[in-house]
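First comes the structure, then the notes that go with it.
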Amino acid sequence: MLEVIWLIPAFPLAGFVLILLFGRRLGQPGSGLLATAMVAASFVVSVGAYFDLLSHDEADRAHTEVLFSWVPVSSLQVDMAFLADPLSITMCLFVTGVGALIHLFAIGYMRGDPKFSKFFLYMNLFALSMLVLVLGENMLVTFLGWEGVGTCSYLLIAFWHTRDSAATAGKKAFVTNRIGDWGFMIAMFLAFQALGSVSFSVLNEASEQGTIARTTATAIALLLFVGAVGKSAQLPLYLWLPDAMEGPTPVSALIHAATMVTAGVFLMTRVNPVLEYASDWAPEIIAWVGAITALFAATIAVAQNDIKKVLAYSTVSQLGYMFLAVGSGAYVAAIFHMVTHAFFKALMFLGSGSVIHGMHEEQDMRRMGALRKFMPVTAATFIVGWLAIAGVPPFAGFWSKDEILLFALASNPALYVIGLVTAVLTAYYMTRQVVLVFFGDAKWESHAAEHGAHGEFKPHESSPVMLFPLVALAGLAIVGGIIQLPAFAWIPDDLTHRLEHWLHPVVEFGEAEITSGNAYDNKGLLAVVATAAALIGIAAGIAVYAKHRAKAIEPQLVADAWRYDATVTAFMGGPGRKAFDATAWFDRSVVDGAVDGSARAVRGAARQVRKGQTGNMRNYAGILGIGAVLLLGWFVLARGLL
Amino acid sequence: MIAAYVPTSTWYLLLAAALFGIGATGLLVRRNPLVMFMCIELMLNAANLTFVAFAMQTGDINGQTSVFFVLVVAAAEVVVGLGIIVSILRHRPGATADDLAEMKG
């Protein structure tokens, strides 16, 4: 199965090509079904590859499949090669698995849209890019996917491009991502300069054996982190993700919650030996950026009124958790949280899509309420997602968040406190959302008045094609924790740390060892503290929004995201604008000037030399004759012929 | 007396040099394309004469063989060259070589 690993991205590619050629003829829901089937086929191949890898010994669980030589330029030899190892197959499994469910949901959600087939065209292109990203054996192949997902993200955020805000949000996402891409590219150049290769395995091996300079490794690690910050929406580049909610909701679920935004975490895990070998302050920076982002975004989520904006800031916050784990050396926990987060966040995004659909395109939570009576399935599955993200045992989110907090405490107690406060806030704002949307009084009268033309307004439950993915993801959000249970005495040994054993060959070098020490010995207590944090958050949320015991604290400053976005906009419009103009001037006059100048010099010289060409035939003949005589004279006199 | 005199190869070589000189001079001083073309032929045949003279002097048949190659090439050259000249003159009757200076830089 590993020899045909290329089939995993090939299926979405086939779907992309088929929809490109026959999309209009396939129509609705044909193109959607085709796209879903292609991603599902990739999932089947991924499962096959998973079992194939399992049948190998742990040491042999890596297979490189070279398709062709991509860039053969003297010392730069880059192959189009895919790497099947536990990490990439884990990514493939959840990308294609969750992806197929979201594709299925989108068939229902996008029904009636005039660009139905184009939507699935982009979705399959995205799946293709994401799979190339995770399967890439070297940085260039991964970068190809990296840019591909960025482009698809742009196309899909701006899918309803006739809406001004959607077009702007797409542009914003693209430009912000480019800043991160710059870091990725420079890291690639550095690796090539230092090692003569852009292959991950060469880079990782050099770090494991210490054959690369420590400063170079630190620089590569930090530059790749810059790329990850852009793609995974961390401070200071998180700005694009909340705006990306302008896209259709399945896009938010697939790209901006479950898959693409986790690419940064994946990349960090892929190069974990480099991070381990780099100077100690590099992972520390990553952990702090993650922790601060987690807390920062969680505070903003508390005061958002748009149902999708809450989830967007929540995603930024949860990604911060993953980087906190990466920085603490807890790569397994990061991947674990990535997987469980994909389950419950995709579930909640699809749930919000179902709500928006049932509420006739209403997104303001202040105009919802009591929806559990009208949308029982959506409500039930959303509540599962809520309990999972809040960290209530035994739902999936509890296990992964608990693991991250354990590692955070082992590395730095301050990080643990930030993580714990974030956990309380997470439980609080998710409770607020659930209460506002599904409980309390119905508050959609004003909305109904706007739609007054067509009689009485009533929210409706979505179609089965949209409900099935919700139920499936809810199931995964409940049991997802089983892949990495902690080593408690009451859990059978062969059920614990399964993901860690599976990923062991990949993260062997970078994973922090904390099997002893205070944090590890008291992990039972930590789990109780984490559960208490979740329950405190939920209780506070219920007290404020359901029972109205206290006044809601939603200052305008927080609702405006601490005015960070506005500050950046003001800067970019003012002093930043001047700097851009100066750069443009420099480019025009100095860079272009040098290029144009050399061209002008060549042209001037040529104009002089050209005068030798008289066009007079007899002139040429004479010169030819003189030349012949001179040559002959040279042979005779200088070389002594004759 | 004169009839009995057997010319040596030197005579032939001198004749060839004279022919070549006439051809080269003609090429440089005349302006009529057809005459210039004839001058080139003259130079080619001067070279042929040199080949034959040396072949006779050294008793080597290779020199005479080379002449055939030169003749064939010359024939081909005449076909192409005359074709070009005729078509030029048809468009621009009475044009001299100096008038045909379109390639002036």
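Residue numbers start at 1 in each chain; chains themselves are named A, B, ... in the order of the structure tokens; ligands are numbered from 1 in the order shown.
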
Please list as a PDB file with N, CA and C atoms, in the first residue's frame every residue within 8 Å of stretch 60-75 of chain B, counting only C-alpha atoms and excluding residues in the same chain fewer than 4 positions away.
ATOM      1  N   GLU B  41      33.125  33.824 -59.898  1.00  0.00           N
ATOM      2  CA  GLU B  41      33.365  32.590 -60.658  1.00  0.00           C
ATOM      3  C   GLU B  41      34.809  32.513 -61.127  1.00  0.00           C
ATOM      4  N   LEU B  44      36.967  31.445 -58.336  1.00  0.00           N
ATOM      5  CA  LEU B  44      36.805  30.017 -58.068  1.00  0.00           C
ATOM      6  C   LEU B  44      37.618  29.199 -59.062  1.00  0.00           C
ATOM      7  N   ASN B  48      40.627  26.431 -58.934  1.00  0.00           N
ATOM      8  CA  ASN B  48      40.603  25.127 -59.602  1.00  0.00           C
ATOM      9  C   ASN B  48      41.898  24.888 -60.366  1.00  0.00           C
ATOM     10  N   PHE B  51      44.607  23.874 -58.125  1.00  0.00           N
ATOM     11  CA  PHE B  51      44.470  22.449 -57.745  1.00  0.00           C
ATOM     12  C   PHE B  51      45.066  21.553 -58.827  1.00  0.00           C
ATOM     13  N   VAL B  52      44.637  21.805 -60.064  1.00  0.00           N
ATOM     14  CA  VAL B  52      45.067  20.942 -61.159  1.00  0.00           C
ATOM     15  C   VAL B  52      46.576  21.031 -61.345  1.00  0.00           C
ATOM     16  N   PHE B  54      48.895  21.757 -59.155  1.00  0.00           N
ATOM     17  CA  PHE B  54      49.621  21.001 -58.123  1.00  0.00           C
ATOM     18  C   PHE B  54      49.444  19.507 -58.301  1.00  0.00           C
ATOM     19  N   ALA B  55      48.232  19.097 -58.742  1.00  0.00           N
ATOM     20  CA  ALA B  55      47.998  17.668 -58.959  1.00  0.00           C
ATOM     21  C   ALA B  55      48.969  17.141 -60.004  1.00  0.00           C
ATOM     22  N   MET B  56      49.144  17.934 -61.046  1.00  0.00           N
ATOM     23  CA  MET B  56      50.046  17.525 -62.111  1.00  0.00           C
ATOM     24  C   MET B  56      51.476  17.468 -61.590  1.00  0.00           C
ATOM     25  N   VAL B  79      23.163  28.694 -59.140  1.00  0.00           N
ATOM     26  CA  VAL B  79      21.704  28.570 -59.161  1.00  0.00           C
ATOM     27  C   VAL B  79      21.086  29.517 -58.138  1.00  0.00           C
TER      28      VAL B  79
END

9 Å contacts from chain B to chain A using only C-alpha atoms, as a PyMOL selection string: chain B and resi 24+27-31+97-105

Restrict the selected residues to N, CA and C atoms and save them as a compact mmCIF listing (two decimals), in the first residue's frame.
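Result file is out-v4.txt:
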# COMPACT_ATOMS: atom_id res chain seq x y z
N ALA B 24 39.40 39.34 -58.06
CA ALA B 24 39.29 40.09 -56.80
C ALA B 24 39.15 41.58 -57.09
N LEU B 27 35.72 42.31 -58.37
CA LEU B 27 34.71 42.25 -57.30
C LEU B 27 34.70 43.57 -56.51
N LEU B 28 35.90 44.14 -56.32
CA LEU B 28 35.99 45.33 -55.49
C LEU B 28 35.59 46.60 -56.24
N VAL B 29 35.87 46.65 -57.57
CA VAL B 29 35.65 47.93 -58.25
C VAL B 29 34.35 47.98 -59.03
N ARG B 30 33.83 46.86 -59.48
CA ARG B 30 32.60 46.92 -60.28
C ARG B 30 31.37 47.01 -59.39
N ARG B 31 30.27 47.60 -59.93
CA ARG B 31 29.06 47.74 -59.13
C ARG B 31 27.90 46.91 -59.65
N ALA B 97 25.28 47.23 -56.78
CA ALA B 97 25.56 46.60 -55.50
C ALA B 97 25.55 47.63 -54.38
N ASP B 98 25.96 48.87 -54.70
CA ASP B 98 26.01 49.89 -53.66
C ASP B 98 24.61 50.34 -53.24
N ASP B 99 23.63 50.19 -54.17
CA ASP B 99 22.27 50.56 -53.82
C ASP B 99 21.66 49.56 -52.84
N LEU B 100 22.17 48.33 -52.91
CA LEU B 100 21.56 47.27 -52.08
C LEU B 100 22.23 47.28 -50.70
N ALA B 101 21.90 48.32 -49.92
CA ALA B 101 22.55 48.45 -48.61
C ALA B 101 21.51 48.43 -47.49
N GLU B 102 20.50 47.56 -47.62
CA GLU B 102 19.45 47.49 -46.61
C GLU B 102 19.98 47.01 -45.25
N MET B 103 21.09 46.29 -45.24
CA MET B 103 21.61 45.74 -43.99
C MET B 103 22.48 46.74 -43.24
N LYS B 104 22.49 48.00 -43.71
CA LYS B 104 23.31 49.00 -43.03
C LYS B 104 22.86 49.18 -41.57
N GLY B 105 23.82 49.15 -40.68
CA GLY B 105 23.46 49.20 -39.26
C GLY B 105 23.15 50.60 -38.78

Nearest residue to A:Ile286 from the set A:Leu2, A:Ala334, A:Val229, A:Ala379 (distances using only C-alpha atoms): A:Val229

Please provide as a PyMOL selection string all residues within 8 Å of stretch 291-303 of chain A, with the sequence filter that same-chain residues fewer than 2 positions apart are discarded (counting only C-alpha atoms). chain A and resi 234-235+287-289+305+309-311+313-314+316-321+323-324+415+418-419+421-422+425-426+428-429+432+553-556+558-562

With N, CA and C atoms retained, export the selected residues as an mmCIF file, in the first residue's frame.
data_model
loop_
_atom_site.group_PDB
_atom_site.id
_atom_site.type_symbol
_atom_site.label_atom_id
_atom_site.label_comp_id
_atom_site.auth_asym_id
_atom_site.auth_seq_id
_atom_site.Cartn_x
_atom_site.Cartn_y
_atom_site.Cartn_z
ATOM 1 N N GLN A 234 -1.260 32.806 14.585
ATOM 2 C CA GLN A 234 -0.820 33.151 15.937
ATOM 3 C C GLN A 234 -0.496 34.641 15.970
ATOM 4 N N LEU A 235 -0.372 35.182 17.182
ATOM 5 C CA LEU A 235 0.081 36.564 17.309
ATOM 6 C C LEU A 235 1.458 36.680 16.673
ATOM 7 N N ALA A 287 6.588 28.599 22.819
ATOM 8 C CA ALA A 287 5.640 28.313 23.896
ATOM 9 C C ALA A 287 4.951 29.596 24.358
ATOM 10 N N TRP A 288 5.724 30.663 24.491
ATOM 11 C CA TRP A 288 5.129 31.919 24.972
ATOM 12 C C TRP A 288 4.184 32.517 23.946
ATOM 13 N N VAL A 289 4.589 32.488 22.668
ATOM 14 C CA VAL A 289 3.688 32.996 21.623
ATOM 15 C C VAL A 289 2.377 32.218 21.665
ATOM 16 N N ASN A 305 -20.397 38.632 19.123
ATOM 17 C CA ASN A 305 -21.815 38.331 18.963
ATOM 18 C C ASN A 305 -22.112 37.501 17.717
ATOM 19 N N LYS A 309 -17.737 34.182 14.566
ATOM 20 C CA LYS A 309 -16.563 34.897 15.092
ATOM 21 C C LYS A 309 -16.112 34.271 16.410
ATOM 22 N N VAL A 310 -17.074 33.863 17.247
ATOM 23 C CA VAL A 310 -16.712 33.208 18.504
ATOM 24 C C VAL A 310 -15.862 31.980 18.210
ATOM 25 N N LEU A 311 -16.335 31.187 17.248
ATOM 26 C CA LEU A 311 -15.606 29.962 16.925
ATOM 27 C C LEU A 311 -14.248 30.281 16.302
ATOM 28 N N TYR A 313 -12.265 32.949 16.932
ATOM 29 C CA TYR A 313 -11.306 33.299 17.991
ATOM 30 C C TYR A 313 -10.993 32.084 18.851
ATOM 31 N N SER A 314 -11.985 31.224 19.018
ATOM 32 C CA SER A 314 -11.741 30.002 19.764
ATOM 33 C C SER A 314 -10.697 29.139 19.049
ATOM 34 N N VAL A 316 -8.276 30.251 17.072
ATOM 35 C CA VAL A 316 -6.974 30.885 17.294
ATOM 36 C C VAL A 316 -6.439 30.486 18.667
ATOM 37 N N SER A 317 -7.344 30.509 19.648
ATOM 38 C CA SER A 317 -6.952 30.185 21.014
ATOM 39 C C SER A 317 -6.471 28.732 21.132
ATOM 40 N N GLN A 318 -7.222 27.818 20.508
ATOM 41 C CA GLN A 318 -6.849 26.404 20.593
ATOM 42 C C GLN A 318 -5.545 26.132 19.850
ATOM 43 N N LEU A 319 -5.326 26.849 18.729
ATOM 44 C CA LEU A 319 -4.048 26.708 18.026
ATOM 45 C C LEU A 319 -2.913 27.191 18.915
ATOM 46 N N GLY A 320 -3.209 28.231 19.719
ATOM 47 C CA GLY A 320 -2.219 28.690 20.681
ATOM 48 C C GLY A 320 -1.836 27.582 21.651
ATOM 49 N N TYR A 321 -2.839 26.820 22.089
ATOM 50 C CA TYR A 321 -2.559 25.648 22.941
ATOM 51 C C TYR A 321 -1.585 24.699 22.261
ATOM 52 N N PHE A 323 0.640 25.339 19.984
ATOM 53 C CA PHE A 323 2.008 25.875 19.951
ATOM 54 C C PHE A 323 2.619 25.879 21.339
ATOM 55 N N LEU A 324 1.776 26.071 22.354
ATOM 56 C CA LEU A 324 2.277 25.942 23.719
ATOM 57 C C LEU A 324 2.845 24.539 23.927
ATOM 58 N N LEU A 415 3.457 29.297 32.274
ATOM 59 C CA LEU A 415 2.724 28.856 31.089
ATOM 60 C C LEU A 415 1.498 28.047 31.501
ATOM 61 N N ILE A 418 -1.301 30.377 32.607
ATOM 62 C CA ILE A 418 -1.962 30.990 31.445
ATOM 63 C C ILE A 418 -2.881 29.964 30.774
ATOM 64 N N GLY A 419 -2.376 28.747 30.630
ATOM 65 C CA GLY A 419 -3.182 27.698 29.997
ATOM 66 C C GLY A 419 -4.442 27.415 30.791
ATOM 67 N N VAL A 421 -6.039 29.494 32.916
ATOM 68 C CA VAL A 421 -6.964 30.635 32.797
ATOM 69 C C VAL A 421 -7.684 30.553 31.447
ATOM 70 N N THR A 422 -6.923 30.231 30.400
ATOM 71 C CA THR A 422 -7.531 30.096 29.076
ATOM 72 C C THR A 422 -8.595 29.003 29.085
ATOM 73 N N LEU A 425 -11.710 30.413 30.558
ATOM 74 C CA LEU A 425 -12.338 31.326 29.607
ATOM 75 C C LEU A 425 -12.997 30.555 28.464
ATOM 76 N N THR A 426 -12.316 29.497 28.003
ATOM 77 C CA THR A 426 -12.868 28.697 26.907
ATOM 78 C C THR A 426 -14.217 28.125 27.303
ATOM 79 N N TYR A 428 -16.154 29.226 29.524
ATOM 80 C CA TYR A 428 -17.095 30.319 29.741
ATOM 81 C C TYR A 428 -17.702 30.803 28.432
ATOM 82 N N TYR A 429 -16.843 31.111 27.445
ATOM 83 C CA TYR A 429 -17.416 31.690 26.222
ATOM 84 C C TYR A 429 -18.168 30.650 25.404
ATOM 85 N N ARG A 432 -21.525 30.504 26.980
ATOM 86 C CA ARG A 432 -22.267 31.687 26.546
ATOM 87 C C ARG A 432 -22.884 31.436 25.174
ATOM 88 N N ILE A 553 -20.006 40.705 31.328
ATOM 89 C CA ILE A 553 -18.886 41.630 31.142
ATOM 90 C C ILE A 553 -18.424 41.511 29.690
ATOM 91 N N GLU A 554 -18.856 42.453 28.884
ATOM 92 C CA GLU A 554 -18.450 42.418 27.478
ATOM 93 C C GLU A 554 -18.025 43.807 27.040
ATOM 94 N N PRO A 555 -16.908 44.304 27.567
ATOM 95 C CA PRO A 555 -16.507 45.667 27.204
ATOM 96 C C PRO A 555 -16.257 45.797 25.700
ATOM 97 N N GLN A 556 -16.547 47.014 25.216
ATOM 98 C CA GLN A 556 -16.393 47.251 23.788
ATOM 99 C C GLN A 556 -14.948 47.008 23.339
ATOM 100 N N VAL A 558 -12.883 44.780 24.291
ATOM 101 C CA VAL A 558 -12.636 43.365 24.032
ATOM 102 C C VAL A 558 -13.368 42.931 22.764
ATOM 103 N N ALA A 559 -14.597 43.437 22.600
ATOM 104 C CA ALA A 559 -15.348 43.079 21.402
ATOM 105 C C ALA A 559 -14.601 43.524 20.147
ATOM 106 N N ASP A 560 -13.850 44.628 20.261
ATOM 107 C CA ASP A 560 -13.058 45.109 19.132
ATOM 108 C C ASP A 560 -11.691 44.442 19.064
ATOM 109 N N ALA A 561 -11.562 43.301 19.718
ATOM 110 C CA ALA A 561 -10.295 42.553 19.708
ATOM 111 C C ALA A 561 -9.150 43.408 20.229
ATOM 112 N N TRP A 562 -9.387 44.075 21.365
ATOM 113 C CA TRP A 562 -8.366 44.919 22.006
ATOM 114 C C TRP A 562 -7.863 45.984 21.040
#

Separation of atom CA of A:Ala342 from atom CA of A:Met375 in Å: 23.0 Å

Near-stretch 504-520 of chain A list (9 Å; only C-alpha atoms; drop same-chain fewer than 4 positions) as a ChimeraX atom specification: /A:58-62,85-87,208,269-277,328-332,406-407,409-410,499-500,524,526

Name the residues of stretch 509-588 of chain A that come out as helix (DSSP H, G or I) in a backbone DSSP run; write them as an MDAnalysis selection string. chainID A and resid 518:521 523:545 556:559 561:573 575:588

Given the selection you just returned, output its residues as a file containing C-alpha atoms, formatted as a CSV table (one decimal), in the first residue's frame.
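Result saved to out_21.csv:
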chain,number,residue,atom,x,y,z
A,518,ASN,CA,6.4,16.8,40.4
A,519,ALA,CA,4.1,17.5,37.4
A,520,TYR,CA,4.0,13.8,36.4
A,521,ASP,CA,3.6,12.4,39.8
A,523,LYS,CA,-1.1,14.2,37.1
A,524,GLY,CA,-4.2,12.8,38.7
A,525,LEU,CA,-4.5,16.1,40.7
A,526,LEU,CA,-3.8,18.1,37.5
A,527,ALA,CA,-6.7,16.3,35.8
A,528,VAL,CA,-9.0,17.2,38.7
A,529,VAL,CA,-7.8,20.9,38.5
A,530,ALA,CA,-8.4,20.9,34.8
A,531,THR,CA,-11.9,19.5,35.2
A,532,ALA,CA,-12.6,22.0,38.0
A,533,ALA,CA,-11.5,24.8,35.6
A,534,ALA,CA,-13.9,23.6,33.0
A,535,LEU,CA,-16.7,23.4,35.4
A,536,ILE,CA,-16.0,26.8,36.9
A,537,GLY,CA,-16.1,28.3,33.4
A,538,ILE,CA,-19.4,26.5,32.5
A,539,ALA,CA,-21.0,27.5,35.9
A,540,ALA,CA,-20.0,31.1,35.4
A,541,GLY,CA,-21.4,31.1,31.9
A,542,ILE,CA,-24.7,29.6,33.0
A,543,ALA,CA,-24.9,32.0,35.9
A,544,VAL,CA,-24.4,35.0,33.7
A,545,TYR,CA,-26.3,34.1,30.5
A,556,GLN,CA,-16.4,47.3,23.8
A,557,LEU,CA,-12.6,47.2,23.9
A,558,VAL,CA,-12.6,43.4,24.0
A,559,ALA,CA,-15.3,43.1,21.4
A,561,ALA,CA,-10.3,42.6,19.7
A,562,TRP,CA,-8.4,44.9,22.0
A,563,ARG,CA,-8.3,47.3,19.0
A,564,TYR,CA,-5.4,45.4,17.7
A,565,ASP,CA,-6.9,45.1,14.2
A,566,ALA,CA,-7.8,48.8,14.2
A,567,THR,CA,-4.3,49.7,15.3
A,568,VAL,CA,-2.7,47.6,12.6
A,569,THR,CA,-5.0,49.1,10.0
A,570,ALA,CA,-4.3,52.7,11.2
A,571,PHE,CA,-0.6,52.0,11.1
A,572,MET,CA,-0.7,50.4,7.7
A,573,GLY,CA,-2.8,53.3,6.4
A,575,PRO,CA,3.2,55.6,8.6
A,576,GLY,CA,3.1,52.1,7.0
A,577,ARG,CA,1.7,53.5,3.8
A,578,LYS,CA,4.6,56.0,3.6
A,579,ALA,CA,7.1,53.1,4.1
A,580,PHE,CA,5.4,51.2,1.3
A,581,ASP,CA,5.6,54.2,-0.9
A,582,ALA,CA,9.3,54.6,-0.1
A,583,THR,CA,9.9,50.9,-0.8
A,584,ALA,CA,8.0,51.3,-4.1
A,585,TRP,CA,10.1,54.3,-4.9
A,586,PHE,CA,13.3,52.5,-4.1
A,587,ASP,CA,12.2,49.6,-6.3
A,588,ARG,CA,11.3,51.8,-9.1

Any idea what's packed within 7 Å of B:Ala46, counting only C-alpha atoms, ignoring anything in its chain fewer than 2 positions away? Could you give it as a PDB file with N, CA and C atoms, in the first residue's frame?
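Written file, out01.pdb:
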ATOM      1  N   ALA B  16      46.982  31.312 -62.681  1.00  0.00           N
ATOM      2  CA  ALA B  16      45.916  31.256 -61.670  1.00  0.00           C
ATOM      3  C   ALA B  16      45.950  32.506 -60.805  1.00  0.00           C
ATOM      4  N   ALA B  17      47.142  32.942 -60.395  1.00  0.00           N
ATOM      5  CA  ALA B  17      47.262  34.132 -59.561  1.00  0.00           C
ATOM      6  C   ALA B  17      46.726  35.340 -60.302  1.00  0.00           C
ATOM      7  N   LEU B  19      44.475  35.358 -62.723  1.00  0.00           N
ATOM      8  CA  LEU B  19      43.015  35.235 -62.797  1.00  0.00           C
ATOM      9  C   LEU B  19      42.379  35.660 -61.467  1.00  0.00           C
ATOM     10  N   PHE B  20      42.988  35.161 -60.382  1.00  0.00           N
ATOM     11  CA  PHE B  20      42.436  35.477 -59.070  1.00  0.00           C
ATOM     12  C   PHE B  20      42.486  36.982 -58.823  1.00  0.00           C
ATOM     13  N   LEU B  42      35.318  33.667 -61.545  1.00  0.00           N
ATOM     14  CA  LEU B  42      36.702  33.725 -62.020  1.00  0.00           C
ATOM     15  C   LEU B  42      37.661  33.309 -60.914  1.00  0.00           C
ATOM     16  N   MET B  43      37.411  33.804 -59.687  1.00  0.00           N
ATOM     17  CA  MET B  43      38.272  33.467 -58.559  1.00  0.00           C
ATOM     18  C   MET B  43      38.183  31.974 -58.239  1.00  0.00           C
ATOM     19  N   LEU B  44      36.967  31.445 -58.336  1.00  0.00           N
ATOM     20  CA  LEU B  44      36.805  30.017 -58.068  1.00  0.00           C
ATOM     21  C   LEU B  44      37.618  29.199 -59.062  1.00  0.00           C
ATOM     22  N   ASN B  48      40.627  26.431 -58.934  1.00  0.00           N
ATOM     23  CA  ASN B  48      40.603  25.127 -59.602  1.00  0.00           C
ATOM     24  C   ASN B  48      41.898  24.888 -60.366  1.00  0.00           C
ATOM     25  N   LEU B  49      42.324  25.929 -61.036  1.00  0.00           N
ATOM     26  CA  LEU B  49      43.548  25.813 -61.833  1.00  0.00           C
ATOM     27  C   LEU B  49      44.730  25.498 -60.929  1.00  0.00           C
ATOM     28  N   THR B  50      44.775  26.108 -59.770  1.00  0.00           N
ATOM     29  CA  THR B  50      45.833  25.826 -58.804  1.00  0.00           C
ATOM     30  C   THR B  50      45.819  24.360 -58.398  1.00  0.00           C
TER      31      THR B  50
END

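Reported to one decimal place, the separation of atom CA of A:Met368 from atom CA of A:Val355 is 9.2 Å.
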
In Å to one decimal, how far is atom CA of A:Tyr122 from atom CA of A:His103? 11.2 Å

What's around stretch 89-94 of chain B at 12 Å? Count only C-alpha atoms, leave out sequence neighbours fewer than 6 positions away in its own chain, and write the answer as a VMD selection string. chain B and resid 31 to 34 82 to 83 100

Would you write out those residues with C-alpha atoms, as a PDB file, in the first residue's frame?
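Resulting contents of again-v7.pdb:
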ATOM      1  CA  ARG B  31      29.057  47.736 -59.129  1.00  0.00           C
ATOM      2  CA  ASN B  32      26.950  45.626 -61.438  1.00  0.00           C
ATOM      3  CA  PRO B  33      25.869  42.571 -59.434  1.00  0.00           C
ATOM      4  CA  LEU B  34      26.077  40.293 -62.437  1.00  0.00           C
ATOM      5  CA  LEU B  82      21.576  34.047 -59.935  1.00  0.00           C
ATOM      6  CA  GLY B  83      18.090  33.417 -58.644  1.00  0.00           C
ATOM      7  CA  LEU B 100      21.562  47.270 -52.076  1.00  0.00           C
TER       8      LEU B 100
END

If we count only C-alpha atoms, what is near stretch 116-121 of chain A at a cut-off of 8 Å, once residues fewer than 5 positions away on the same chain are taken out, given as a PDB file with C-alpha atoms, in the first residue's frame?
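The file below, around.pdb, is the result:
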ATOM      1  CA  GLY A  15     -11.832  15.149  -8.702  1.00  0.00           C
ATOM      2  CA  PHE A  16     -10.445  18.616  -9.387  1.00  0.00           C
ATOM      3  CA  ILE A  19     -15.062  18.975 -12.017  1.00  0.00           C
ATOM      4  CA  LEU A  20     -12.960  21.472 -13.952  1.00  0.00           C
ATOM      5  CA  GLY A  23     -18.487  20.572 -13.517  1.00  0.00           C
ATOM      6  CA  ARG A  24     -21.332  22.283 -15.321  1.00  0.00           C
ATOM      7  CA  LEU A  26     -22.380  17.243 -13.343  1.00  0.00           C
ATOM      8  CA  GLY A  27     -24.379  20.055 -11.790  1.00  0.00           C
ATOM      9  CA  GLN A  28     -26.093  19.665  -8.426  1.00  0.00           C
ATOM     10  CA  SER A  31     -20.147  17.517  -8.594  1.00  0.00           C
ATOM     11  CA  GLY A  32     -20.531  17.580  -4.820  1.00  0.00           C
ATOM     12  CA  ALA A  35     -15.781  15.571  -4.756  1.00  0.00           C
ATOM     13  CA  HIS A 103     -17.639  17.801   1.823  1.00  0.00           C
ATOM     14  CA  MET A 110     -24.376  24.914  -0.746  1.00  0.00           C
ATOM     15  CA  ARG A 111     -27.589  23.644  -2.343  1.00  0.00           C
ATOM     16  CA  LEU A 156     -12.812  30.101  -0.805  1.00  0.00           C
ATOM     17  CA  PHE A 159     -16.073  32.721  -2.733  1.00  0.00           C
TER      18      PHE A 159
END
